[in-house]
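Structure data follow from run12.txt (compact mmCIF, C-alpha atoms):
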# COMPACT_ATOMS: atom_id res chain seq x y z
CA MET X 1 -15.34 20.38 -71.52
CA GLN X 2 -14.02 19.98 -67.98
CA ARG X 3 -14.81 22.97 -65.82
CA GLN X 4 -11.96 24.95 -64.30
CA ALA X 5 -11.86 26.64 -60.92
CA SER X 6 -10.00 29.66 -62.19
CA GLY X 7 -8.43 31.06 -65.27
CA GLY X 8 -9.52 33.17 -68.18
CA GLY X 9 -12.40 32.87 -70.57
CA GLY X 10 -14.93 30.19 -71.37
CA GLU X 11 -16.91 28.41 -68.73
CA ALA X 12 -14.44 29.36 -66.00
CA SER X 13 -15.25 33.04 -66.40
CA SER X 14 -18.93 32.36 -65.71
CA ALA X 15 -18.36 30.12 -62.68
CA PRO X 16 -19.86 31.68 -59.54
CA GLY X 17 -17.70 32.87 -56.69
CA ARG X 18 -14.28 34.44 -56.29
CA PRO X 19 -11.01 33.49 -54.55
CA ILE X 20 -11.44 32.90 -50.82
CA GLY X 21 -8.70 35.40 -50.08
CA GLN X 22 -10.83 38.18 -51.56
CA TRP X 23 -13.64 37.65 -49.05
CA ASP X 24 -14.10 39.51 -45.77
CA PRO X 25 -15.43 37.19 -43.04
CA HIS X 26 -18.17 39.63 -42.09
CA ALA X 27 -19.43 39.65 -45.68
CA LEU X 28 -19.95 35.92 -45.15
CA GLU X 29 -22.05 36.64 -42.04
CA VAL X 30 -19.45 35.95 -39.39
CA HIS X 31 -20.76 37.99 -36.46
CA PRO X 32 -18.80 41.10 -35.48
CA ALA X 33 -17.37 40.54 -32.01
CA GLY X 34 -16.54 42.63 -28.98
CA PRO X 35 -17.81 45.97 -27.68
CA GLY X 36 -16.79 47.85 -30.84
CA GLY X 37 -17.61 45.02 -33.20
CA THR X 38 -20.33 46.86 -35.08
CA ALA X 39 -18.31 49.99 -35.75
CA VAL X 40 -16.84 50.60 -39.18
CA GLY X 41 -13.09 50.03 -39.07
CA ALA X 42 -13.27 48.08 -35.79
CA ARG X 43 -14.45 44.76 -37.17
CA ARG X 44 -11.69 42.41 -36.12
CA LEU X 45 -12.02 38.85 -34.93
CA PRO X 46 -10.98 37.50 -31.54
CA GLY X 47 -8.65 34.54 -31.29
CA TYR X 48 -10.17 31.25 -32.31
CA VAL X 49 -10.70 28.32 -29.95
CA PRO X 50 -11.04 24.95 -31.78
CA ARG X 51 -13.63 22.48 -30.48
CA ALA X 52 -14.75 18.98 -31.40
CA HIS X 53 -16.66 20.00 -34.54
CA ASP X 54 -13.53 21.64 -35.91
CA ALA X 55 -11.90 18.23 -36.23
CA VAL X 56 -14.74 17.15 -38.54
CA LEU X 57 -14.27 20.28 -40.64
CA THR X 58 -10.52 19.70 -40.84
CA GLU X 59 -11.15 16.19 -42.16
CA ALA X 60 -13.66 17.51 -44.73
CA VAL X 61 -11.14 20.08 -45.97
CA ARG X 62 -8.46 17.41 -46.27
CA ASP X 63 -10.84 15.28 -48.33
CA ALA X 64 -11.59 18.24 -50.57
CA VAL X 65 -7.90 18.93 -51.14
CA ALA X 66 -7.47 15.24 -52.00
CA GLY X 67 -10.17 15.54 -54.65
CA ARG X 68 -13.23 14.21 -52.79
CA SER X 69 -16.33 16.41 -52.62
CA ARG X 70 -17.81 16.87 -49.15
CA MET X 71 -20.74 18.60 -47.47
CA VAL X 72 -20.90 19.54 -43.78
CA VAL X 73 -23.83 21.25 -42.05
CA LEU X 74 -23.17 22.61 -38.58
CA VAL X 75 -26.26 22.49 -36.37
CA GLY X 76 -26.41 24.72 -33.32
CA SER X 77 -28.22 27.58 -31.66
CA SER X 78 -27.70 31.23 -32.55
CA SER X 79 -24.25 32.74 -32.01
CA THR X 80 -22.52 29.49 -31.02
CA GLY X 81 -19.66 29.93 -33.50
CA LYS X 82 -20.88 27.95 -36.51
CA THR X 83 -20.03 30.46 -39.23
CA ARG X 84 -16.71 31.42 -37.63
CA ALA X 85 -15.77 27.72 -37.56
CA PHE X 86 -16.32 27.56 -41.32
CA TRP X 87 -14.22 30.67 -41.90
CA GLU X 88 -11.31 29.16 -39.98
CA ALA X 89 -11.71 25.81 -41.73
CA VAL X 90 -11.47 27.16 -45.28
CA GLN X 91 -8.23 29.09 -44.78
CA PRO X 92 -6.06 26.20 -46.07
CA LEU X 93 -8.22 26.20 -49.21
CA ALA X 94 -7.58 29.92 -49.61
CA ASP X 95 -3.86 29.21 -49.68
CA ALA X 96 -4.52 26.52 -52.31
CA GLY X 97 -6.36 28.96 -54.61
CA TRP X 98 -9.92 27.74 -54.05
CA ARG X 99 -12.92 29.91 -54.80
CA LEU X 100 -15.89 30.63 -52.53
CA TRP X 101 -19.46 31.28 -53.63
CA HIS X 102 -22.07 32.76 -51.30
CA PRO X 103 -25.38 32.80 -53.23
CA PHE X 104 -27.65 35.65 -52.10
CA ASP X 105 -28.82 37.82 -55.04
CA PRO X 106 -31.70 38.35 -55.85
CA THR X 107 -32.63 35.94 -53.05
CA ARG X 108 -30.58 33.15 -51.56
CA ALA X 109 -32.77 30.40 -52.98
CA ALA X 110 -33.06 31.99 -56.42
CA ALA X 111 -29.30 32.57 -56.66
CA ALA X 112 -28.51 28.98 -55.66
CA LEU X 113 -31.01 27.44 -58.03
CA ASP X 114 -29.84 29.62 -60.90
CA ALA X 115 -26.11 28.89 -60.64
CA LEU X 116 -25.47 25.60 -58.86
CA HIS X 117 -25.03 23.91 -62.23
CA ARG X 118 -22.20 26.37 -63.02
CA VAL X 119 -20.14 25.76 -59.88
CA ALA X 120 -16.55 24.99 -60.88
CA PRO X 121 -14.30 22.42 -59.22
CA ARG X 122 -12.31 23.66 -56.22
CA THR X 123 -15.16 25.85 -55.01
CA VAL X 124 -16.61 26.26 -51.52
CA VAL X 125 -20.41 26.65 -51.66
CA TRP X 126 -21.28 28.78 -48.62
CA LEU X 127 -24.85 28.18 -47.41
CA ASN X 128 -24.98 30.07 -44.14
CA GLU X 129 -28.50 29.99 -42.64
CA ALA X 130 -29.26 27.04 -44.90
CA GLN X 131 -32.98 27.18 -44.12
CA HIS X 132 -33.16 30.03 -46.64
CA TYR X 133 -32.06 27.54 -49.31
CA LEU X 134 -33.27 24.11 -48.25
CA GLY X 135 -36.44 25.32 -46.56
CA ASP X 136 -37.68 27.48 -49.44
CA ARG X 137 -41.20 26.30 -50.31
CA GLU X 138 -40.75 26.64 -54.05
CA ALA X 139 -37.07 25.83 -54.54
CA GLY X 140 -35.84 23.89 -51.48
CA GLU X 141 -36.24 20.40 -52.90
CA ARG X 142 -34.76 21.41 -56.24
CA ILE X 143 -31.76 22.99 -54.51
CA ALA X 144 -31.25 19.79 -52.50
CA ALA X 145 -31.36 17.74 -55.71
CA ALA X 146 -28.88 20.07 -57.42
CA LEU X 147 -26.50 19.88 -54.45
CA HIS X 148 -26.73 16.09 -54.49
CA GLY X 149 -25.81 16.09 -58.16
CA LEU X 150 -22.91 18.47 -57.56
CA LEU X 151 -21.53 16.29 -54.77
CA THR X 152 -21.89 12.98 -56.60
CA THR X 153 -20.81 13.89 -60.14
CA PRO X 154 -17.07 13.14 -60.37
CA GLN X 155 -16.29 15.70 -63.07
CA ALA X 156 -17.97 18.44 -61.02
CA GLY X 157 -15.61 18.10 -58.09
CA PRO X 158 -13.98 18.50 -55.86
CA VAL X 159 -16.30 20.93 -54.12
CA LEU X 160 -16.96 21.65 -50.45
CA VAL X 161 -20.51 22.58 -49.43
CA LEU X 162 -20.83 24.25 -46.01
CA GLY X 163 -24.13 25.09 -44.34
CA THR X 164 -25.48 26.11 -40.94
CA LEU X 165 -28.84 25.36 -39.36
CA TRP X 166 -30.53 25.95 -36.05
CA PRO X 167 -31.60 22.67 -34.36
CA GLU X 168 -35.30 23.30 -34.97
CA TYR X 169 -34.76 23.52 -38.72
CA ALA X 170 -32.58 20.42 -38.78
CA ALA X 171 -35.26 18.50 -36.87
CA ARG X 172 -37.99 19.70 -39.20
CA TYR X 173 -36.15 18.70 -42.37
CA SER X 174 -35.05 15.33 -40.98
CA ALA X 175 -38.43 14.25 -39.61
CA LEU X 176 -40.30 11.51 -41.42
CA PRO X 177 -43.92 12.38 -42.28
CA ALA X 178 -46.80 10.39 -40.85
CA PRO X 179 -48.22 7.71 -43.18
CA GLY X 180 -50.38 9.29 -45.84
CA GLU X 181 -49.09 12.80 -45.11
CA PRO X 182 -47.15 14.95 -47.62
CA ASP X 183 -43.35 14.74 -47.51
CA PRO X 184 -42.19 18.28 -48.34
CA HIS X 185 -38.52 17.71 -47.43
CA SER X 186 -37.71 14.26 -48.83
CA ARG X 187 -34.72 15.39 -50.93
CA VAL X 188 -33.46 17.68 -48.18
CA ARG X 189 -33.67 14.83 -45.67
CA GLU X 190 -31.63 12.59 -47.97
CA LEU X 191 -29.06 15.34 -48.52
CA LEU X 192 -28.59 16.01 -44.80
CA ALA X 193 -28.32 12.35 -43.80
CA GLY X 194 -24.84 11.75 -42.39
CA ARG X 195 -23.76 15.31 -43.12
CA THR X 196 -24.80 17.21 -39.96
CA VAL X 197 -22.52 17.95 -37.01
CA GLY X 198 -23.69 19.42 -33.71
CA VAL X 199 -22.13 22.55 -32.24
CA PRO X 200 -22.39 22.76 -28.42
CA THR X 201 -24.09 25.71 -26.79
CA ALA X 202 -21.25 26.30 -24.33
CA PHE X 203 -17.47 25.93 -24.21
CA ASP X 204 -16.34 22.91 -22.22
CA GLY X 205 -13.48 23.04 -19.73
CA GLN X 206 -10.81 22.41 -22.35
CA ALA X 207 -12.13 25.18 -24.60
CA LEU X 208 -12.39 27.59 -21.66
CA ASP X 209 -8.77 26.87 -20.74
CA ALA X 210 -7.72 27.52 -24.35
CA ALA X 211 -9.68 30.77 -24.39
CA ALA X 212 -8.07 31.82 -21.11
CA ALA X 213 -4.62 31.14 -22.54
CA LEU X 214 -5.38 33.37 -25.54
CA ALA X 215 -6.69 36.04 -23.18
CA GLN X 216 -3.52 35.89 -21.10
CA GLY X 217 -1.56 36.19 -24.33
CA GLY X 218 -3.14 39.56 -25.06
CA ASP X 219 -6.53 38.85 -26.68
CA ARG X 220 -8.60 41.62 -25.11
CA MET X 221 -11.91 40.56 -26.59
CA LEU X 222 -11.65 37.06 -25.18
CA ALA X 223 -10.45 38.41 -21.86
CA ASP X 224 -13.44 40.74 -21.67
CA ALA X 225 -15.91 37.99 -22.63
CA LEU X 226 -14.50 35.60 -20.05
CA THR X 227 -15.20 38.08 -17.25
CA ARG X 228 -18.91 37.56 -17.93
CA ALA X 229 -19.21 34.17 -19.60
CA ARG X 230 -16.67 31.85 -18.01
CA ALA X 231 -19.14 30.44 -15.49
CA SER X 232 -21.76 29.64 -18.13
CA GLY X 233 -19.32 28.73 -20.90
CA ARG X 234 -21.29 30.88 -23.38
CA VAL X 235 -18.23 32.70 -24.63
CA ALA X 236 -19.24 32.64 -28.32
CA GLN X 237 -22.65 34.12 -27.52
CA ASP X 238 -21.08 36.89 -25.49
CA LEU X 239 -18.69 37.77 -28.30
CA ALA X 240 -21.20 37.53 -31.13
CA GLY X 241 -24.51 38.45 -29.50
CA ALA X 242 -23.54 41.24 -27.13
CA PRO X 243 -22.75 43.84 -29.85
CA GLU X 244 -26.12 43.25 -31.50
CA LEU X 245 -27.99 43.51 -28.20
CA LEU X 246 -26.14 46.73 -27.37
CA LYS X 247 -27.00 48.17 -30.79
CA ARG X 248 -30.68 47.36 -30.30
CA TYR X 249 -30.64 49.11 -26.94
CA GLU X 250 -28.88 52.20 -28.30
CA GLN X 251 -31.29 52.42 -31.25
CA ALA X 252 -34.45 51.57 -29.31
CA THR X 253 -37.49 53.84 -29.14
CA PRO X 254 -37.95 55.65 -25.81
CA ALA X 255 -40.65 53.19 -24.76
CA ALA X 256 -38.53 50.16 -25.66
CA ALA X 257 -35.47 51.65 -23.95
CA ALA X 258 -37.50 52.25 -20.77
CA LEU X 259 -38.66 48.63 -20.80
CA LEU X 260 -35.09 47.37 -21.26
CA GLU X 261 -33.82 49.59 -18.46
CA ALA X 262 -36.55 48.31 -16.13
CA ALA X 263 -35.55 44.73 -16.97
CA MET X 264 -31.88 45.53 -16.28
CA ASP X 265 -32.79 47.15 -12.94
CA ALA X 266 -34.87 44.10 -12.01
CA ARG X 267 -31.96 41.83 -12.86
CA ARG X 268 -29.56 43.86 -10.73
CA LEU X 269 -32.06 43.85 -7.85
CA GLN X 270 -32.46 40.08 -8.12
CA GLN X 271 -28.70 39.57 -8.05
CA GLY X 272 -28.35 41.90 -5.06
CA CYS X 273 -31.05 40.07 -3.13
CA GLY X 274 -29.38 36.77 -3.91
CA ARG X 275 -26.08 37.99 -2.49
CA ARG X 276 -27.80 39.26 0.68
CA ARG X 277 -29.59 35.93 1.17
CA ARG X 278 -26.28 34.07 0.95
CA LEU X 279 -24.78 36.38 3.61
CA PHE X 280 -27.50 35.49 6.13
CA VAL X 281 -27.68 31.74 5.48

Take the structure from the file and write it as structure tokens.
Amino acid sequence: MQRQASGGGGEASSAPGRPIGQWDPHALEVHPAGPGGTAVGARRLPGYVPRAHDAVLTEAVRDAVAGRSRMVVLVGSSSTGKTRAFWEAVQPLADAGWRLWHPFDPTRAAAALDALHRVAPRTVVWLNEAQHYLGDREAGERIAAALHGLLTTPQAGPVLVLGTLWPEYAARYSALPAPGEPDPHSRVRELLAGRTVGVPTAFDGQALDAAAALAQGGDRMLADALTRARASGRVAQDLAGAPELLKRYEQATPAAAALLEAAMDARRLQQGCGRRRRLFV
């Protein structure tokens, strides 16, 4: 029987996932952004600035709509916008009635291994922090094999598999072992070949100009982030990482808070000395 992406009864009712439109982006691990980003009821997203990797995602989504299964793994450092890019990319699939499955219970690896064979066509398989799936010592290779089967079995598709990795994990899984040494990631390496896309650490000039235009159009979160991050281009990190850092400071033990305050004072002193040196040069 051909599997269905939606509908009542039979195999369709047991297919993992639910319509994309029923998901909240933060439930899919998109970082809360902005000064109030961690507060209940204040979890909104800033405007989105497309970059080069978004063009690859757009092409993958078009292929999926046309009936061709695809897998894309975004590789980049923490808080560079990988998961947000996926959320933006799948919105056309939401309008087309696609489902999304985020395996996580009882563990990410166990959930994936248990239900990958039940994924229905027209489903996004959401593997954020893919090291929890592909790097699992017991299940990683089996998950990679199951994903390969899902992507290459015509009657199973179309599906779109999306994953994120930090560069160190991508390098570890892609590295060839020395002669005579064990090869613990052979299936993972085969799966990732040709399917990884780098995400830059910083916004380039074009992205900064686009962010500035959104800020001028009324996006307060982007405007606030640009006051601190325009010079470095680390706008995504400011939006995504700052709320978490602030929370850690507010919830720190007295000793940890004292250490953080000393570091902040040292930073301010260093900046002040730098300004004074420039005045007398």

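Residues with any atom within 12 Å of Leu208 of chain X, counting only C-alpha atoms and excluding same-chain neighbours fewer than 6 positions away, are Tyr48, Val49, Pro50, Arg51, Ala202, Leu214, Ala215, Leu222, Ala223, Ala225, Leu226, Thr227, Ala229, Arg230, Ala231, Ser232, Gly233, Arg234, Val235 and Ala236 of chain X.
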
*Find the residues near Leu45 of chain X: any atom within 10 Å, counting all atoms listed in the file, skip ones fewer than 6 places away on the same chain, and give them as a ChimeraX atom specification.*
/X:25-26,30-34,37,84,219,221-222,239

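One finds atom CA of Asp24 of chain X at 21.0 Å from atom CA of Val73 of chain X.
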
*For Arg137 of chain X, please output as a count of residues only all residues within 12 Å (counting all atoms listed in the file; exclusion window: fewer than 6 positions along the same chain).*
7

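You will find atom CA of Lys82 of chain X at 12.6 Å from atom CA of Val56 of chain X.
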
*Between atom CA of Leu93 of chain X and atom CA of Pro19 of chain X, measure the distance and give it in Å to one decimal.*
9.5 Å

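Distance annotation: of X:Ala211, X:Ala146, X:Ala89, X:Leu259, the residue with the minimal separation from Asp114 of chain X is X:Ala146; atom set is all atoms listed in the file.
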
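Minimum atom-to-atom distances from X:Asp238, X:Asp265, X:Glu59, X:Glu141 to Ser186 of chain X were compared using only C-alpha atoms, and the lowest value belongs to X:Glu141.
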
*Rank X:Arg268, X:Arg189, X:Arg142, X:His148 by their smallest atom-to-atom distance to Met71 of chain X, using only C-alpha atoms, and report the top residue only.*
X:His148

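Once segment 150-161 of chain X and its same-chain neighbours fewer than 3 positions away are set aside, Ala64, Gly67, Arg68, Ser69, Arg70, Met71, Pro121, Arg122, Thr123, Val124, Val125 and Leu147 of chain X remain within 6 Å of it when counting only C-alpha atoms.
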
Enclosing box along x, y and z for every listed atom of segment 51-64 of chain X, padded 6 Å each side, centre and size in Å, one decimal, as JSON:
{"center_x": -12.6, "center_y": 18.9, "center_z": -40.5, "size_x": 20.2, "size_y": 19.2, "size_z": 32.1}

*asked:* I'd like the contact shell of Ala171 of chain X - 12 Å cut-off, all atoms listed in the file, skipping same-chain residues fewer than 3 positions apart - returned as a PyMOL selection string.
replied: chain X and resi 75-76+131+135+165-168+174-177+185+188-189+192-193+196

Let me see the file: selected residues, C-alpha atoms, as a PDB file, keeping the file's coordinate frame.
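Once written, out-v6.pdb looks like this:
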ATOM      1  CA  VAL X  75     -26.260  22.490 -36.370  1.00  0.00           C
ATOM      2  CA  GLY X  76     -26.410  24.720 -33.320  1.00  0.00           C
ATOM      3  CA  GLN X 131     -32.980  27.180 -44.120  1.00  0.00           C
ATOM      4  CA  GLY X 135     -36.440  25.320 -46.560  1.00  0.00           C
ATOM      5  CA  LEU X 165     -28.840  25.360 -39.360  1.00  0.00           C
ATOM      6  CA  TRP X 166     -30.530  25.950 -36.050  1.00  0.00           C
ATOM      7  CA  PRO X 167     -31.600  22.670 -34.360  1.00  0.00           C
ATOM      8  CA  GLU X 168     -35.300  23.300 -34.970  1.00  0.00           C
ATOM      9  CA  SER X 174     -35.050  15.330 -40.980  1.00  0.00           C
ATOM     10  CA  ALA X 175     -38.430  14.250 -39.610  1.00  0.00           C
ATOM     11  CA  LEU X 176     -40.300  11.510 -41.420  1.00  0.00           C
ATOM     12  CA  PRO X 177     -43.920  12.380 -42.280  1.00  0.00           C
ATOM     13  CA  HIS X 185     -38.520  17.710 -47.430  1.00  0.00           C
ATOM     14  CA  VAL X 188     -33.460  17.680 -48.180  1.00  0.00           C
ATOM     15  CA  ARG X 189     -33.670  14.830 -45.670  1.00  0.00           C
ATOM     16  CA  LEU X 192     -28.590  16.010 -44.800  1.00  0.00           C
ATOM     17  CA  ALA X 193     -28.320  12.350 -43.800  1.00  0.00           C
ATOM     18  CA  THR X 196     -24.800  17.210 -39.960  1.00  0.00           C
TER      19      THR X 196
END

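Proximity to Ala212 of chain X was assessed for X:Glu138, X:Gly47, X:Glu129, X:Ala255 counting only C-alpha atoms; the smallest distance is recorded for X:Gly47.
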
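With distances taken over all atoms listed in the file, X:Val72 is the one residue among X:Leu113, X:Val72, X:Gly97, X:Glu181 lying closest to Gly194 of chain X.
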